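S.K.: So that you have it, the file is structure.cif, and it contains mmCIF, C-alpha atoms (C1' of nucleotides):
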data_run
loop_
_atom_site.group_PDB
_atom_site.id
_atom_site.type_symbol
_atom_site.label_atom_id
_atom_site.label_comp_id
_atom_site.auth_asym_id
_atom_site.auth_seq_id
_atom_site.Cartn_x
_atom_site.Cartn_y
_atom_site.Cartn_z
ATOM 1 C CA MET G 119 7.469 -9.973 24.736
ATOM 2 C CA ARG G 120 6.727 -9.694 28.415
ATOM 3 C CA THR G 121 9.502 -7.165 28.795
ATOM 4 C CA LYS G 122 7.545 -4.957 26.401
ATOM 5 C CA GLY G 123 4.365 -5.275 28.418
ATOM 6 C CA LEU G 124 2.672 -7.578 25.929
ATOM 7 C CA ARG G 125 0.771 -10.635 27.023
ATOM 8 C CA VAL G 126 1.850 -13.960 25.674
ATOM 9 C CA THR G 127 -1.094 -15.685 24.064
ATOM 10 C CA ASN G 128 -1.577 -18.624 21.760
ATOM 11 C CA PRO G 129 -2.276 -16.539 18.659
ATOM 12 C CA ARG G 130 0.800 -14.436 19.266
ATOM 13 C CA ARG G 131 3.001 -17.434 19.861
ATOM 14 C CA ASP G 132 1.704 -19.179 16.751
ATOM 15 C CA ILE G 133 2.005 -16.194 14.481
ATOM 16 C CA LEU G 134 5.493 -15.385 15.640
ATOM 17 C CA ARG G 135 6.572 -18.996 15.259
ATOM 18 C CA ILE G 136 5.223 -19.183 11.712
ATOM 19 C CA ALA G 137 6.755 -15.834 10.819
ATOM 20 C CA TRP G 138 10.137 -16.901 12.148
ATOM 21 C CA SER G 139 10.072 -20.234 10.385
ATOM 22 C CA SER G 140 9.198 -18.573 7.100
ATOM 23 C CA PRO G 141 12.043 -17.559 4.826
ATOM 24 C CA GLU G 142 9.731 -15.298 2.912
ATOM 25 C CA HIS G 143 8.123 -11.911 2.953
ATOM 26 C CA PHE G 144 4.412 -12.188 3.462
ATOM 27 C CA THR G 145 1.208 -10.193 3.598
ATOM 28 C CA ALA G 146 -1.258 -10.320 6.463
ATOM 29 C CA ASP G 147 -3.563 -12.424 4.404
ATOM 30 C CA GLU G 148 -0.863 -14.914 3.464
ATOM 31 C CA MET G 149 -0.084 -15.285 7.131
ATOM 32 C CA TYR G 150 -3.735 -16.019 7.785
ATOM 33 C CA VAL G 151 -3.616 -18.821 5.234
ATOM 34 C CA TRP G 152 -0.525 -20.258 6.883
ATOM 35 C CA VAL G 153 -2.270 -20.072 10.230
ATOM 36 C CA LEU G 154 -5.148 -22.104 8.835
ATOM 37 C CA GLU G 155 -2.839 -24.649 7.211
ATOM 38 C CA ASP G 156 -0.967 -24.970 10.443
ATOM 39 C CA ASP G 157 -4.134 -25.552 12.449
ATOM 40 C CA ALA G 158 -2.914 -22.699 14.540
ATOM 41 C CA ASP G 159 -5.073 -20.537 16.666
ATOM 42 C CA ALA G 160 -5.982 -17.114 15.314
ATOM 43 C CA SER G 161 -8.796 -15.435 13.444
ATOM 44 C CA ARG G 162 -8.225 -13.151 10.536
ATOM 45 C CA ALA G 163 -8.797 -10.089 12.682
ATOM 46 C CA THR G 164 -6.253 -11.310 15.188
ATOM 47 C CA VAL G 165 -3.697 -11.933 12.469
ATOM 48 C CA TYR G 166 -4.010 -8.348 11.305
ATOM 49 C CA ARG G 167 -3.890 -7.006 14.829
ATOM 50 C CA THR G 168 -1.007 -9.211 15.847
ATOM 51 C CA LEU G 169 1.184 -8.504 12.852
ATOM 52 C CA ALA G 170 0.810 -4.785 13.362
ATOM 53 C CA LEU G 171 1.664 -5.277 17.003
ATOM 54 C CA LEU G 172 4.677 -7.441 16.361
ATOM 55 C CA ALA G 173 5.973 -4.992 13.813
ATOM 56 C CA GLN G 174 5.563 -2.140 16.213
ATOM 57 C CA ALA G 175 7.387 -4.115 18.896
ATOM 58 C CA ASP G 176 10.236 -4.732 16.445
ATOM 59 C CA PHE G 177 9.777 -8.476 16.159
ATOM 60 C CA LEU G 178 8.869 -8.051 12.519
ATOM 61 C CA ALA G 179 9.937 -5.578 9.875
ATOM 62 C CA THR G 180 7.657 -4.113 7.241
ATOM 63 C CA MET G 181 8.222 -3.148 3.659
ATOM 64 C CA ASN G 182 6.088 -2.300 0.646
ATOM 65 C CA ASP G 183 5.949 -4.201 -2.543
ATOM 66 C CA GLY G 184 5.948 -1.945 -5.582
ATOM 67 C CA LYS G 185 2.194 -1.504 -5.605
ATOM 68 C CA GLY G 186 1.153 -0.470 -2.156
ATOM 69 C CA THR G 187 0.745 -3.726 -0.239
ATOM 70 C CA VAL G 188 2.499 -4.023 3.110
ATOM 71 C CA LEU G 189 4.805 -7.013 3.429
ATOM 72 C CA TYR G 190 6.090 -8.352 6.711
ATOM 73 C CA GLU G 191 9.256 -10.286 7.391
ATOM 74 C CA LYS G 192 10.993 -11.588 10.444
ATOM 75 C CA GLN G 193 13.525 -9.359 12.084
ATOM 76 C CA LEU G 194 16.151 -11.333 13.905
ATOM 77 C CA SER G 195 17.597 -8.371 15.751
ATOM 78 C CA SER G 196 16.974 -4.681 15.595
ATOM 79 C CA ASP G 197 20.365 -4.258 13.920
ATOM 80 C CA ASP G 198 19.450 -6.751 11.246
ATOM 81 C CA HIS G 199 18.723 -4.168 8.619
ATOM 82 C CA HIS G 200 18.916 -4.946 4.958
ATOM 83 C CA ASP G 201 17.384 -3.678 1.751
ATOM 84 C CA HIS G 202 15.702 -5.324 -1.193
ATOM 85 C CA MET G 203 15.981 -5.813 -4.890
ATOM 86 C CA ILE G 204 12.775 -6.973 -6.506
ATOM 87 C CA CYS G 205 12.666 -8.601 -9.916
ATOM 88 C CA VAL G 206 9.802 -7.070 -11.846
ATOM 89 C CA ALA G 207 9.484 -10.219 -13.948
ATOM 90 C CA CYS G 208 9.450 -13.061 -11.425
ATOM 91 C CA ARG G 209 8.874 -10.997 -8.242
ATOM 92 C CA LYS G 210 11.862 -12.623 -6.610
ATOM 93 C CA ILE G 211 13.259 -10.641 -3.704
ATOM 94 C CA ILE G 212 17.011 -10.388 -3.195
ATOM 95 C CA GLU G 213 18.264 -8.962 0.057
ATOM 96 C CA PHE G 214 21.448 -6.968 0.397
ATOM 97 C CA VAL G 215 23.284 -4.795 2.874
ATOM 98 C CA SER G 216 25.271 -1.687 2.049
ATOM 99 C CA HIS G 217 26.965 0.191 4.826
ATOM 100 C CA ASP G 218 28.037 2.833 2.344
ATOM 101 C CA ILE G 219 24.451 3.654 1.533
ATOM 102 C CA GLU G 220 23.539 3.775 5.185
ATOM 103 C CA ARG G 221 26.401 6.135 5.859
ATOM 104 C CA ILE G 222 25.338 8.482 3.088
ATOM 105 C CA GLN G 223 21.782 8.382 4.322
ATOM 106 C CA ASP G 224 22.977 9.556 7.698
ATOM 107 C CA GLU G 225 24.813 12.408 6.023
ATOM 108 C CA VAL G 226 21.790 13.427 3.980
ATOM 109 C CA ALA G 227 19.579 13.348 7.049
ATOM 110 C CA ALA G 228 22.059 15.392 9.050
ATOM 111 C CA ARG G 229 22.227 17.957 6.292
ATOM 112 C CA HIS G 230 18.465 18.463 6.637
ATOM 113 C CA SER G 231 18.501 18.334 10.439
ATOM 114 C CA PHE G 232 16.344 15.268 10.138
ATOM 115 C CA LYS G 233 16.422 12.673 12.914
ATOM 116 C CA LEU G 234 16.544 9.383 11.044
ATOM 117 C CA GLN G 235 14.613 6.491 12.537
ATOM 118 C CA ASN G 236 14.173 4.078 9.724
ATOM 119 C CA HIS G 237 14.649 3.674 6.033
ATOM 120 C CA THR G 238 13.428 1.631 3.129
ATOM 121 C CA LEU G 239 15.332 1.121 -0.075
ATOM 122 C CA ARG G 240 13.898 -0.930 -2.888
ATOM 123 C CA LEU G 241 15.644 -1.544 -6.198
ATOM 124 C CA GLU G 242 13.464 -2.777 -9.013
ATOM 125 C CA GLY G 243 14.661 -4.407 -12.181
ATOM 126 C CA LEU G 244 15.474 -7.731 -13.743
ATOM 127 C CA CYS G 245 17.256 -10.472 -11.859
ATOM 128 C CA VAL G 246 20.037 -12.505 -13.384
ATOM 129 C CA ASP G 247 17.618 -15.257 -14.432
ATOM 130 C CA CYS G 248 15.091 -12.987 -16.099
ATOM 131 C CA LYS G 249 17.432 -10.675 -17.946
ATOM 132 C CA MET F 192 0.523 11.623 -25.208
ATOM 133 C CA ARG F 193 -0.368 10.992 -28.825
ATOM 134 C CA THR F 194 3.140 9.800 -29.483
ATOM 135 C CA LYS F 195 2.472 7.056 -26.978
ATOM 136 C CA GLY F 196 -0.716 5.986 -28.668
ATOM 137 C CA LEU F 197 -3.009 7.474 -26.056
ATOM 138 C CA ARG F 198 -6.071 9.465 -26.921
ATOM 139 C CA VAL F 199 -6.318 12.981 -25.594
ATOM 140 C CA THR F 200 -9.552 13.430 -23.707
ATOM 141 C CA ASN F 201 -10.953 15.975 -21.292
ATOM 142 C CA PRO F 202 -10.474 13.834 -18.192
ATOM 143 C CA ARG F 203 -6.879 13.119 -19.108
ATOM 144 C CA ARG F 204 -6.126 16.734 -19.828
ATOM 145 C CA ASP F 205 -7.732 17.885 -16.607
ATOM 146 C CA ILE F 206 -6.049 15.311 -14.416
ATOM 147 C CA LEU F 207 -2.656 15.952 -15.886
ATOM 148 C CA ARG F 208 -3.097 19.694 -15.537
ATOM 149 C CA ILE F 209 -4.094 19.383 -11.878
ATOM 150 C CA ALA F 210 -1.273 16.968 -11.185
ATOM 151 C CA TRP F 211 1.259 19.266 -12.770
ATOM 152 C CA SER F 212 0.021 22.310 -10.949
ATOM 153 C CA SER F 213 0.170 20.509 -7.626
ATOM 154 C CA PRO F 214 3.372 20.776 -5.630
ATOM 155 C CA GLU F 215 2.307 17.794 -3.554
ATOM 156 C CA HIS F 216 2.214 14.059 -3.520
ATOM 157 C CA PHE F 217 -1.323 12.800 -3.730
ATOM 158 C CA THR F 218 -3.436 9.693 -3.622
ATOM 159 C CA ALA F 219 -5.966 8.782 -6.284
ATOM 160 C CA ASP F 220 -8.732 9.817 -3.983
ATOM 161 C CA GLU F 221 -7.201 13.202 -3.218
ATOM 162 C CA MET F 222 -6.942 13.793 -6.918
ATOM 163 C CA TYR F 223 -10.624 12.982 -7.265
ATOM 164 C CA VAL F 224 -11.416 15.633 -4.657
ATOM 165 C CA TRP F 225 -9.333 18.171 -6.552
ATOM 166 C CA VAL F 226 -11.126 17.238 -9.736
ATOM 167 C CA LEU F 227 -14.448 17.963 -8.061
ATOM 168 C CA GLU F 228 -13.225 21.259 -6.586
ATOM 169 C CA ASP F 229 -11.933 22.223 -9.979
ATOM 170 C CA ASP F 230 -15.232 21.459 -11.670
ATOM 171 C CA ALA F 231 -13.151 19.297 -13.908
ATOM 172 C CA ASP F 232 -14.431 16.426 -15.890
ATOM 173 C CA ALA F 233 -13.770 12.941 -14.524
ATOM 174 C CA SER F 234 -15.500 10.324 -12.460
ATOM 175 C CA ARG F 235 -13.794 8.510 -9.643
ATOM 176 C CA ALA F 236 -13.274 5.440 -11.793
ATOM 177 C CA THR F 237 -11.683 7.530 -14.486
ATOM 178 C CA VAL F 238 -9.357 9.186 -12.004
ATOM 179 C CA TYR F 239 -8.098 5.782 -10.887
ATOM 180 C CA ARG F 240 -7.757 4.527 -14.429
ATOM 181 C CA THR F 241 -6.110 7.693 -15.655
ATOM 182 C CA LEU F 242 -3.565 7.984 -12.868
ATOM 183 C CA ALA F 243 -2.454 4.416 -13.416
ATOM 184 C CA LEU F 244 -2.184 5.139 -17.099
ATOM 185 C CA LEU F 245 -0.253 8.360 -16.674
ATOM 186 C CA ALA F 246 2.142 6.681 -14.287
ATOM 187 C CA GLN F 247 2.696 3.862 -16.708
ATOM 188 C CA ALA F 248 3.342 6.350 -19.481
ATOM 189 C CA ASP F 249 5.898 8.122 -17.265
ATOM 190 C CA PHE F 250 3.990 11.346 -16.889
ATOM 191 C CA LEU F 251 3.655 10.663 -13.186
ATOM 192 C CA ALA F 252 5.857 8.880 -10.680
ATOM 193 C CA THR F 253 4.578 6.674 -7.896
ATOM 194 C CA MET F 254 5.806 6.093 -4.382
ATOM 195 C CA ASN F 255 4.473 4.509 -1.200
ATOM 196 C CA ASP F 256 3.823 6.249 2.027
ATOM 197 C CA GLY F 257 4.972 4.247 5.022
ATOM 198 C CA LYS F 258 1.767 2.308 5.318
ATOM 199 C CA GLY F 259 0.992 0.893 1.947
ATOM 200 C CA THR F 260 -0.873 3.661 0.155
ATOM 201 C CA VAL F 261 0.284 4.585 -3.322
ATOM 202 C CA LEU F 262 1.131 8.239 -3.801
ATOM 203 C CA TYR F 263 1.491 9.915 -7.162
ATOM 204 C CA GLU F 264 3.538 12.936 -8.061
ATOM 205 C CA LYS F 265 4.334 14.777 -11.229
ATOM 206 C CA GLN F 266 7.419 13.715 -13.102
ATOM 207 C CA LEU F 267 8.872 16.556 -15.104
ATOM 208 C CA SER F 268 11.281 14.397 -17.025
ATOM 209 C CA SER F 269 12.245 10.779 -16.823
ATOM 210 C CA ASP F 270 15.617 11.844 -15.391
ATOM 211 C CA ASP F 271 13.925 13.794 -12.653
ATOM 212 C CA HIS F 272 14.571 11.256 -9.952
ATOM 213 C CA HIS F 273 14.672 12.130 -6.297
ATOM 214 C CA ASP F 274 14.047 10.385 -3.000
ATOM 215 C CA HIS F 275 12.012 11.209 0.060
ATOM 216 C CA MET F 276 12.278 11.800 3.750
ATOM 217 C CA ILE F 277 8.985 11.507 5.591
ATOM 218 C CA CYS F 278 8.401 12.950 9.028
ATOM 219 C CA VAL F 279 6.580 10.359 11.083
ATOM 220 C CA ALA F 280 5.074 13.067 13.261
ATOM 221 C CA CYS F 281 3.666 15.608 10.792
ATOM 222 C CA ARG F 282 3.855 13.472 7.611
ATOM 223 C CA LYS F 283 5.736 16.227 5.841
ATOM 224 C CA ILE F 284 7.684 14.995 2.820
ATOM 225 C CA ILE F 285 11.136 16.369 2.069
ATOM 226 C CA GLU F 286 12.681 15.572 -1.273
ATOM 227 C CA PHE F 287 16.380 15.117 -1.838
ATOM 228 C CA VAL F 288 18.816 13.916 -4.466
ATOM 229 C CA SER F 289 22.004 11.996 -3.796
ATOM 230 C CA HIS F 290 24.159 10.991 -6.682
ATOM 231 C CA ASP F 291 26.414 9.090 -4.307
ATOM 232 C CA ILE F 292 23.579 6.820 -3.282
ATOM 233 C CA GLU F 293 22.608 6.272 -6.889
ATOM 234 C CA ARG F 294 26.154 5.345 -7.752
ATOM 235 C CA ILE F 295 26.370 2.814 -4.950
ATOM 236 C CA GLN F 296 23.043 1.359 -5.975
ATOM 237 C CA ASP F 297 24.436 0.763 -9.423
ATOM 238 C CA GLU F 298 27.396 -0.993 -7.896
ATOM 239 C CA VAL F 299 25.244 -3.190 -5.687
ATOM 240 C CA ALA F 300 23.040 -4.114 -8.620
ATOM 241 C CA ALA F 301 26.029 -4.923 -10.778
ATOM 242 C CA ARG F 302 27.465 -7.141 -8.073
ATOM 243 C CA HIS F 303 24.268 -9.228 -8.177
ATOM 244 C CA SER F 304 24.008 -9.146 -11.976
ATOM 245 C CA PHE F 305 20.776 -7.289 -11.528
ATOM 246 C CA LYS F 306 19.553 -4.973 -14.268
ATOM 247 C CA LEU F 307 18.356 -1.921 -12.388
ATOM 248 C CA GLN F 308 15.289 -0.167 -13.738
ATOM 249 C CA ASN F 309 14.004 1.883 -10.876
ATOM 250 C CA HIS F 310 14.467 2.515 -7.212
ATOM 251 C CA THR F 311 12.672 3.877 -4.201
ATOM 252 C CA LEU F 312 14.364 5.202 -1.111
ATOM 253 C CA ARG F 313 12.360 6.477 1.808
ATOM 254 C CA LEU F 314 13.872 7.818 5.001
ATOM 255 C CA GLU F 315 11.556 8.012 7.980
ATOM 256 C CA GLY F 316 12.149 10.020 11.101
ATOM 257 C CA LEU F 317 11.523 13.395 12.665
ATOM 258 C CA CYS F 318 11.858 16.617 10.739
ATOM 259 C CA VAL F 319 13.553 19.668 12.136
ATOM 260 C CA ASP F 320 10.255 21.116 13.375
ATOM 261 C CA CYS F 321 9.060 17.983 15.150
ATOM 262 C CA LYS F 322 12.306 16.918 16.788
ATOM 263 C "C1'" DA P 171 -16.631 4.048 -39.062
ATOM 264 C "C1'" DT P 172 -13.882 2.104 -35.659
ATOM 265 C "C1'" DC P 173 -12.483 1.268 -31.404
ATOM 266 C "C1'" DC P 174 -10.876 3.565 -27.314
ATOM 267 C "C1'" DT P 175 -12.766 5.943 -23.033
ATOM 268 C "C1'" DT P 176 -16.007 7.113 -19.813
ATOM 269 C "C1'" DG P 177 -19.690 6.979 -16.264
ATOM 270 C "C1'" DC P 178 -22.397 4.536 -13.380
ATOM 271 C "C1'" DA P 179 -23.219 1.325 -10.112
ATOM 272 C "C1'" DA P 180 -22.071 -2.879 -8.331
ATOM 273 C "C1'" DA P 181 -18.800 -5.984 -6.855
ATOM 274 C "C1'" DG P 182 -14.334 -7.274 -4.863
ATOM 275 C "C1'" DC P 183 -10.673 -7.002 -1.713
ATOM 276 C "C1'" DT P 184 -8.248 -5.937 2.149
ATOM 277 C "C1'" DT P 185 -8.312 -4.120 6.591
ATOM 278 C "C1'" DT P 186 -10.546 -2.202 10.717
ATOM 279 C "C1'" DT P 187 -13.875 -2.024 14.515
ATOM 280 C "C1'" DG P 188 -17.662 -2.717 18.291
ATOM 281 C "C1'" DC P 189 -18.855 -5.712 21.540
ATOM 282 C "C1'" DA P 190 -19.327 -9.517 24.538
ATOM 283 C "C1'" DG P 191 -16.939 -13.494 26.227
ATOM 284 C "C1'" DG P 192 -12.540 -15.533 27.638
ATOM 285 C "C1'" DA P 193 -7.753 -15.793 28.996
ATOM 286 C "C1'" DG P 194 -3.296 -13.979 30.960
ATOM 287 C "C1'" DA P 195 -0.805 -11.869 34.905
ATOM 288 C "C1'" DT W 156 -9.561 -9.936 40.149
ATOM 289 C "C1'" DC W 157 -8.548 -6.831 36.692
ATOM 290 C "C1'" DT W 158 -7.257 -5.890 32.278
ATOM 291 C "C1'" DC W 159 -5.986 -7.179 28.014
ATOM 292 C "C1'" DC W 160 -6.926 -10.092 24.038
ATOM 293 C "C1'" DT W 161 -9.821 -12.596 20.853
ATOM 294 C "C1'" DG W 162 -13.580 -14.043 17.794
ATOM 295 C "C1'" DC W 163 -17.325 -12.888 15.244
ATOM 296 C "C1'" DA W 164 -19.633 -10.379 12.057
ATOM 297 C "C1'" DA W 165 -20.458 -6.118 10.281
ATOM 298 C "C1'" DA W 166 -18.644 -2.093 8.384
ATOM 299 C "C1'" DA W 167 -15.434 0.706 6.242
ATOM 300 C "C1'" DG W 168 -12.328 1.932 2.933
ATOM 301 C "C1'" DC W 169 -10.222 1.774 -1.343
ATOM 302 C "C1'" DT W 170 -9.940 0.072 -5.967
ATOM 303 C "C1'" DT W 171 -11.541 -2.506 -9.914
ATOM 304 C "C1'" DT W 172 -14.874 -4.021 -13.390
ATOM 305 C "C1'" DG W 173 -19.006 -4.949 -16.749
ATOM 306 C "C1'" DC W 174 -21.635 -2.759 -19.772
ATOM 307 C "C1'" DA W 175 -23.763 0.489 -22.639
ATOM 308 C "C1'" DA W 176 -23.298 5.223 -24.298
ATOM 309 C "C1'" DG W 177 -20.288 8.734 -25.993
ATOM 310 C "C1'" DG W 178 -16.129 10.673 -28.045
ATOM 311 C "C1'" DA W 179 -11.446 10.748 -30.445
ATOM 312 C "C1'" DT W 180 -9.007 9.842 -34.605
#
In structure tokens, write the structure found in this file.
M.R.:
Amino acid sequence: MRTKGLRVTNPRRDILRIAWSSPEHFTADEMYVWVLEDDADASRATVYRTLALLAQADFLATMNDGKGTVLYEKQLSSDDHHDHMICVACRKIIEFVSHDIERIQDEVAARHSFKLQNHTLRLEGLCVDCK
Amino acid sequence: MRTKGLRVTNPRRDILRIAWSSPEHFTADEMYVWVLEDDADASRATVYRTLALLAQADFLATMNDGKGTVLYEKQLSSDDHHDHMICVACRKIIEFVSHDIERIQDEVAARHSFKLQNHTLRLEGLCVDCK
DNA sequence: ATCCTTGCAAAGCTTTTGCAGGAGA
DNA sequence: TCTCCTGCAAAAGCTTTGCAAGGAT
């Protein structure tokens, strides 16, 4: 964090630790609840500010659920990209990686002279348990 | 609409007409502004309720912008699926279709025994004008 | 006649912001 | 010391909802 010019503070340490120890995708408000449960040190405003900051600094990734809420998740390295399948019945999230899709995305972008920085792919449907 | 058990009312007619005549993606609130400019007949609450309804009935499609806001767009037929590139600088939206990507998605879903119903793919980056 | 829709206004949520005090480098 | 960061509380959006009146079938 220091290499990115960000100060290391208790709220930032706590939030990053909780985010990294969570296997799940979470909203800002869920993180705030975890912070409270953990007796950690951050107000609601700071949680919102810090998550946005950590996402911008590439410590967290963001995605949308189907309905417009921003979800955060830990990002272990900046190459750690994966996509999501979401079960519309139980809301379970399955992660997957497809290099083929990424390759085609690059081709599509190139065809439009578009400089690709990021992508989000979400597949919705029924998981094996809910079918 | 009647075939789907929905009543045909002035607000619904007006909103659908405006949505169909718009080339753009829009938020519920933008639609409300258009309704006012058009001297059309719908309150803000009705715009929200109607857009959700029309999307559910497959007259409109939904997508997210990068930051969690739901955007609507007209859906000419239920096969009319396309994906989006969004320029992070000027927010321009470029639509594209890739059957290759759709095919690979089907394969990925099948590999996880996932019954695919819908998908969203958003590419973010810089468009040709902003590069 | 029945019951679905609407408008209004209020409430509900989530997220952002101004400002003064406090902490990191 | 000099900024940057935080907490608080208020505000700012955006979206939903209860209820009574009105409209579609």
S.K.: Check every residue of chain G for an atom within 8 Å of chain F, counting only C-alpha atoms, and provide those that qualify as an NGL selection string.
M.R.: :G and (182 or 184-188 or 216 or 218-219 or 222-223 or 226 or 230-246 or 249)
S.K.: Return chain F as a CSV table (one decimal) with C-alpha atoms, in the coordinates of the input, after superposing it on chain G by a least-squares fit that covers all C-alpha atoms paired in order.
M.R.:
chain,number,residue,atom,x,y,z
F,192,MET,CA,7.2,-10.0,24.8
F,193,ARG,CA,6.4,-9.7,28.5
F,194,THR,CA,9.1,-7.1,28.9
F,195,LYS,CA,7.2,-5.0,26.5
F,196,GLY,CA,4.0,-5.3,28.5
F,197,LEU,CA,2.3,-7.7,26.0
F,198,ARG,CA,0.4,-10.7,27.0
F,199,VAL,CA,1.6,-14.0,25.7
F,200,THR,CA,-1.3,-15.8,24.0
F,201,ASN,CA,-1.7,-18.8,21.7
F,202,PRO,CA,-2.3,-16.7,18.6
F,203,ARG,CA,0.7,-14.5,19.3
F,204,ARG,CA,2.9,-17.5,19.9
F,205,ASP,CA,1.7,-19.3,16.8
F,206,ILE,CA,2.0,-16.3,14.5
F,207,LEU,CA,5.5,-15.4,15.7
F,208,ARG,CA,6.6,-19.0,15.3
F,209,ILE,CA,5.3,-19.2,11.8
F,210,ALA,CA,6.8,-15.8,10.9
F,211,TRP,CA,10.2,-16.8,12.3
F,212,SER,CA,10.2,-20.1,10.5
F,213,SER,CA,9.3,-18.5,7.2
F,214,PRO,CA,12.2,-17.5,5.0
F,215,GLU,CA,9.9,-15.2,3.0
F,216,HIS,CA,8.2,-11.9,3.1
F,217,PHE,CA,4.5,-12.2,3.5
F,218,THR,CA,1.3,-10.2,3.6
F,219,ALA,CA,-1.2,-10.4,6.5
F,220,ASP,CA,-3.4,-12.6,4.4
F,221,GLU,CA,-0.7,-15.0,3.4
F,222,MET,CA,0.1,-15.4,7.1
F,223,TYR,CA,-3.6,-16.2,7.7
F,224,VAL,CA,-3.4,-18.9,5.1
F,225,TRP,CA,-0.3,-20.4,6.9
F,226,VAL,CA,-2.1,-20.2,10.2
F,227,LEU,CA,-4.9,-22.3,8.7
F,228,GLU,CA,-2.6,-24.8,7.1
F,229,ASP,CA,-0.7,-25.1,10.4
F,230,ASP,CA,-3.9,-25.7,12.3
F,231,ALA,CA,-2.8,-22.8,14.4
F,232,ASP,CA,-5.0,-20.7,16.5
F,233,ALA,CA,-6.0,-17.3,15.2
F,234,SER,CA,-8.8,-15.7,13.3
F,235,ARG,CA,-8.2,-13.4,10.4
F,236,ALA,CA,-8.8,-10.3,12.5
F,237,THR,CA,-6.3,-11.5,15.1
F,238,VAL,CA,-3.7,-12.1,12.4
F,239,TYR,CA,-4.1,-8.5,11.2
F,240,ARG,CA,-4.0,-7.2,14.8
F,241,THR,CA,-1.1,-9.3,15.8
F,242,LEU,CA,1.1,-8.6,12.9
F,243,ALA,CA,0.7,-4.9,13.4
F,244,LEU,CA,1.5,-5.3,17.0
F,245,LEU,CA,4.5,-7.5,16.4
F,246,ALA,CA,5.8,-5.0,13.9
F,247,GLN,CA,5.3,-2.2,16.3
F,248,ALA,CA,7.2,-4.1,19.0
F,249,ASP,CA,10.1,-4.7,16.6
F,250,PHE,CA,9.6,-8.4,16.3
F,251,LEU,CA,8.8,-8.0,12.6
F,252,ALA,CA,9.9,-5.5,10.0
F,253,THR,CA,7.6,-4.1,7.4
F,254,MET,CA,8.2,-3.1,3.8
F,255,ASN,CA,6.1,-2.3,0.7
F,256,ASP,CA,6.0,-4.2,-2.5
F,257,GLY,CA,6.0,-1.9,-5.5
F,258,LYS,CA,2.3,-1.5,-5.6
F,259,GLY,CA,1.3,-0.5,-2.1
F,260,THR,CA,0.8,-3.8,-0.3
F,261,VAL,CA,2.5,-4.1,3.1
F,262,LEU,CA,4.8,-7.0,3.5
F,263,TYR,CA,6.1,-8.3,6.8
F,264,GLU,CA,9.3,-10.2,7.5
F,265,LYS,CA,11.0,-11.5,10.6
F,266,GLN,CA,13.5,-9.2,12.3
F,267,LEU,CA,16.1,-11.2,14.1
F,268,SER,CA,17.5,-8.2,15.9
F,269,SER,CA,16.9,-4.5,15.7
F,270,ASP,CA,20.3,-4.1,14.0
F,271,ASP,CA,19.4,-6.6,11.3
F,272,HIS,CA,18.7,-4.1,8.6
F,273,HIS,CA,18.9,-4.9,5.0
F,274,ASP,CA,17.4,-3.6,1.7
F,275,HIS,CA,15.7,-5.3,-1.2
F,276,MET,CA,15.9,-5.8,-4.9
F,277,ILE,CA,12.7,-6.9,-6.5
F,278,CYS,CA,12.5,-8.5,-9.9
F,279,VAL,CA,9.6,-6.9,-11.8
F,280,ALA,CA,9.2,-10.1,-13.9
F,281,CYS,CA,9.2,-12.9,-11.3
F,282,ARG,CA,8.7,-10.8,-8.2
F,283,LYS,CA,11.7,-12.5,-6.6
F,284,ILE,CA,13.1,-10.6,-3.7
F,285,ILE,CA,16.9,-10.4,-3.2
F,286,GLU,CA,18.2,-8.9,0.1
F,287,PHE,CA,21.4,-7.0,0.4
F,288,VAL,CA,23.3,-4.8,2.8
F,289,SER,CA,25.3,-1.7,2.0
F,290,HIS,CA,27.1,0.1,4.7
F,291,ASP,CA,28.1,2.7,2.2
F,292,ILE,CA,24.6,3.6,1.4
F,293,GLU,CA,23.7,3.8,5.1
F,294,ARG,CA,26.6,6.1,5.7
F,295,ILE,CA,25.5,8.4,2.9
F,296,GLN,CA,22.0,8.4,4.2
F,297,ASP,CA,23.2,9.6,7.5
F,298,GLU,CA,25.1,12.4,5.8
F,299,VAL,CA,22.1,13.4,3.8
F,300,ALA,CA,19.9,13.4,6.9
F,301,ALA,CA,22.4,15.4,8.9
F,302,ARG,CA,22.6,18.0,6.1
F,303,HIS,CA,18.8,18.6,6.4
F,304,SER,CA,18.9,18.4,10.2
F,305,PHE,CA,16.7,15.4,10.0
F,306,LYS,CA,16.8,12.8,12.8
F,307,LEU,CA,16.8,9.5,11.0
F,308,GLN,CA,14.9,6.7,12.5
F,309,ASN,CA,14.4,4.2,9.7
F,310,HIS,CA,14.8,3.8,6.0
F,311,THR,CA,13.5,1.8,3.1
F,312,LEU,CA,15.4,1.2,-0.1
F,313,ARG,CA,13.9,-0.8,-2.9
F,314,LEU,CA,15.6,-1.5,-6.2
F,315,GLU,CA,13.4,-2.7,-9.0
F,316,GLY,CA,14.5,-4.3,-12.2
F,317,LEU,CA,15.3,-7.7,-13.7
F,318,CYS,CA,17.0,-10.4,-11.9
F,319,VAL,CA,19.7,-12.5,-13.4
F,320,ASP,CA,17.3,-15.2,-14.5
F,321,CYS,CA,14.8,-12.9,-16.1
F,322,LYS,CA,17.1,-10.6,-17.9
S.K.: Output the contact residues of chain W with respect to chain F at a cut-off of 9 Å, based on all atoms listed in the file, as a PyMOL selection string.
M.R.: chain W and resi 169-171+178-180
S.K.: Please identify every residue of chain P that has at least one atom no more than 12 Å from any atom of chain F, counting all atoms listed in the file, and report them as number ranges by chain.
M.R.: P: 173-179, 184-185
S.K.: What does the structure give for the distance between atom CA of F:Leu245 and atom CA of F:Arg208, in Å to one decimal?
M.R.: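 These two atoms are separated by 11.7 Å.
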S.K.: Atom C1' of W:DA166 and atom CA of G:Val153, how far apart in Å?
M.R.: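 Rounded to one decimal, the two atoms are 24.4 Å apart.
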